[in-house]
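The next block holds one structure in the form of structure tokens; read it before the comments.
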Amino acid sequence: MEPASRNLRTLTYISAALFLVSLYMVFFYAPLEVVMGQVQRVFYYHVSSLWVGMLAFLVTFIVGIIYLRTGNLKWDRIAVGSAEIGLVFTIMGTAGGAIWARPIWNTWWTWDPRLTTTTIMLLLYVAYLMLRQGIDDPERRRRFASVYGIVAFVSVPLTFFAIRIWRTIHPVVIGTGDPEAEGGFNMTPRMVQTLLFSFFTFTLLYITLLWHRVRLERLSEHMAALRAKFVS
Amino acid sequence: MIEINSLGKSFGHRPVLRGVDLSVAKGEFVTLFGPNGAGKTTLLRIVATLMRPTVGRVQVGGFDLASHAHIIRSALGVVSHQTLLYNDLTAEENLRFYARMYAVPESGPRIDAVLEQVGLARRRRELVRTFSRGMQQRLAIARAVLHKPAVMLFDEPHSGLDQDAAAMLDDVLKAVAAGGRTVLMTTHDLTRGLALADRVAVLRRGKIAFNQSTVEIDAAHFTEMYAGVVNG
Amino acid sequence: MDNISEPLQSVSTLPDVSAAIVKTPTPGTLRAAFAIVWKDIAAELRSKEIVTALIVFSLLVIVIFNFALQLDRTARENVAAGVLWVTFIFAATLGLNRTFASEIDRGSFDGLLLAPVDRSAIFFGKLISTFVFILLVELVVIPVFSVLYGIALFEPLFLLVVVLGTLGYAIVGTLLAAMAVHTRAREVMLPVLLFPVSLPVVLAAVRVSQGLLAGVEWSRISAAFSLVVTYNVIFLAIAYMTFDYLVEE
């Protein structure tokens with residue numbers, strides 16, 4: 001098995017290093033929020049995770065289109081890798097949000113538009129991966145997954161609007177609105193810096209993980225081809 | 001009329017066709033024999049534009065399959081071992097549907113003519129559900145010749161038929177072929193397949209292992225010859 | 001596709017064979033689509049399998065909701081639109097499951113693929129016939145629901161929303177059904193794929209229906225109505241552009 005390329009290894013080290021730095025920033029550099037206390041620190045990773053979740057979904061959408069047009073397998077490898085990573089980050093982000101919400105609002109969950117849309121996005125991710133799992137023929141799997149990636153991604157903004165429209169008649173009963181940047185609290189410059197740095201770190205992390213995953217996919221395909229050749 | 005060059009087809013990593021070269025001249029009747037799993041159905045499906053080859057080229061009437069499938073389809077008549085008929089419709093309704101799908105001009109008289117040709121004129125108002133297998137096959141052929149195709153593809157048309165039905169089918173096949181049509185047929189029935197054909201080919205493990213004009217073949221010893229090709 | 005520069009070598013002058021393929025007409029997409037619709041409806045009229053089963057199923061769902069929710073009069077009015085739409089969704093999903101399944105299981109799908117027509121004709125044909133079947137079911141369910149829940153449902157705008165919402169669901173449903181039919185857990189896969197994607201149109205349709213039943217002024221529900229229409233347009237376009245990729249092999 002060929003080892004990971006030099007660039008990938010360098011990127012991995014850089015990502016790891018940046019992550020450590022961001023940890024420091026989150027816990028020590030960023031100030032303590034007055035009202036919420038320590039639990040507010042979850043915010044930085046909560047938002048960054050969800051950012052990656054959405055970015056990954058967008059990537060899956062785009063490479064799905066490219067795959068359908070070109071038929072080049074590497075795009076589909078990126079699609080499946082992005083979907084898996086996106087799913088994980090979305091789950092992490094949602095869990096982080098729940099952890100943050102509990103002590104602040106005394107509830108794990110609300111049905112506000114953003115949260116609900118994120119949940120739907122999660123379900124779409126799962127559906128996408130289930131679809132891939134359920135098709136044996138690899139060529140068909142790639143084509144179908146690409147189409148579903150397109151359909152699923154387009155539905156997300158529409159879902160958001162639908163829920164928002166719904167909510168204008170049924171106002172949000174619980175809480176002070178979304179705990180996002182513009183709602184729950186005011187951000188000092190240090191907080192902003194920490195947040196932006198977390199965004200950057202997580203994005204880099206996403207790219208690193210994606211690269212590793214694509215490489216793994218390529219190797220496993222290679223294995224399957226060798227195995228098939230050996231058998232026949 | 002049909003030119004197949006270096007045709008290869010793999011499902012995932014499993015190769016089914018490994019470089020098939022076959023020509024069917026205009027007006028020629030070619031029977032393709034081969035053991036189960038040799039790839040006969042796959043080959044026929046590719047020529048029928050139902051499947052895309054992994055490698056290689058197929059041309060029908062000078063038109064390339066990959067780019068002009070649409071045109072080729074209007075000149076193709078296909079009979080597979082599935083009847084492609086709708087059980088809940090009458091014979092006539094089935095033909096009317098296909099007449100529409102192929103934009104057959106003056107469909108009324110044309111439908112009458114083909115029903116007459118296959119000997120089902122008196123059963124036209126009966127549901128296909130009530131037809132015997134032999135009758136269904138004959139109606140399937142009627143459906144296939146409805147649009148006056150220049151090329152006919154038959155995938156194991158004798159399967160599931162008793163001697164009488166098979167003999168009746170042979171009459172129909174001869175009539176169909178007599179119109180100057182180009183025919184490519186696969187079958188397990190060595191005797192009938194040989195009797196109907198101008199040329200005979202054998203597909204073995206994804207490649208053509210035998211290809212000869214029937215004039216040069218001794219009908220009495222064909223069974224042994226075939227066994228030799230397949231097992232040798 | 002019909003611009004052919006070189007004619008096929010004329011096959012022969014024998015009476016039963018086309019002289020030149022270029023002269024063979026191919027049906028327009030819409031004509032072929034309607035041929036498929038006609039075929040599906042004719043077959044259904046004979047067997048009456050799908051529509052009757054869906055009607056019975058829908059009525060059962062309504063009855064179950066009635067008992068499960070144990071509603072008093074006011075609560076019932078509030079959830080009426082929701083219950084109705086959930087019933088429609090369930091029935092529609094079952095109907096959509098059969099759209100391609102019956103063709104592929106019987107092998108007749110090849111017959112559709114062999115025809116010299118644009119692939120989208122198959123999509124539109126199947127969409128329209130499934131849509132018609134679901135509408136027929138709704139046509140029966142709505143009056144029954146009216147009676148059971150004591151709510152008048154025959155306002156034209158309300159019926160319009162039902163039609164448009166159903167259409168939106170059917171468009172995406174037909175596209176995804178073409179995928180689901182090739183997966184291992186076929187009947188389960190379609191809802192898994194379809195429910196989250198169809199949420200916008202279902203939510204919006206319920207919103208409008210609810211508003212209409214409650215007598216809310218139009219300006220407050222017009223946004224939701226626009227969403228239903230927008231959803232239809234967007235996904236019709238997407239389906240048209242991507243269906244080919246689903247049926248080629």
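Residues in the structure tokens are numbered from 1 in each chain, the chains being A, B, ... in the order shown, and ligands are numbered from 1 in the order shown.
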
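The part of chain B that reaches within 7 Å of chain C is made up of Leu50, Met51, Arg52, Gly61, Gly62, His70, Ile71, Arg73, Ser74, Ala75, Gln82, Leu84, Leu85, Asp88, Leu89, Phe97, Arg100, Met101, Tyr102, Ala103, Lys148, Pro149, Ala150, Gly179 and Gly180 of chain B, counting only C-alpha atoms.
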
Only residues of chain A matter here; which ones have an atom within 8 Å of chain C, counting only C-alpha atoms? Give them as a VMD selection string. chain A and resid 68 120 123 to 124 127 to 128 131 134 to 136 140 143 to 144 147 to 148 151 to 152 155 to 156 158 to 163 165 to 166

Could you find all residues in range 31-230 of chain A that DSSP calls helix (DSSP H, G or I) from the backbone, and write them as an MDAnalysis selection string? chainID A and resid 37:70 73:105 113:133 138:169 189:230

Find the residues in chain A near chain B: any atom within 12 Å counts, using only C-alpha atoms. Write them as a list in words. Ile135, Asp136, Asp137, Pro138, Glu139, Arg140, Arg141, Arg142, Glu221, His222, Met223, Ala224, Ala225, Leu226, Arg227, Ala228, Lys229, Phe230, Val231 and Ser232 of chain A

Compile the contact shell of Asp171 in chain B as a ChimeraX atom specification: residues with an atom at most 12 Å away, counting only C-alpha atoms, same-chain residues fewer than 4 positions apart removed. /B:117-119,138,141,164-167,175-178,192,195-196

What separation in Å, quoted to one decimal, exists between CA of Thr214 in chain B and CA of Asp198 in chain B? 5.5 Å

Between C:Leu59, C:Trp218, C:Arg76, C:Leu96, which residue has the minimum interatomic distance to Pro143 in chain C, considering only C-alpha atoms?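 Closest to Pro143 in chain C, using only C-alpha atoms: C:Leu59.
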
With distances taken over only C-alpha atoms, which residue among B:Arg133, B:Tyr226, B:Glu28, B:Val172 lies nearest Glu116 in chain B?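 Between B:Arg133, B:Tyr226, B:Glu28, B:Val172, the residue approaching Glu116 in chain B most closely is B:Val172.
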
Find the residue from C:Val37, C:Val229, C:Val216, C:Val137 that sits nearest to Ile122 in chain C; use only C-alpha atoms when measuring. C:Val37

CA of Leu22 in chain B to CA of Met168 in chain B: how many Å, to one decimal?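 These atoms are spaced 28.9 Å apart.
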
Who sits within 10 Å of Phe43 in chain A, only C-alpha atoms, same chain under 2 positions skipped, as a VMD selection string: chain A and resid 26 39 to 41 45 to 49 93 96 to 97 99 to 101 179 to 181 195
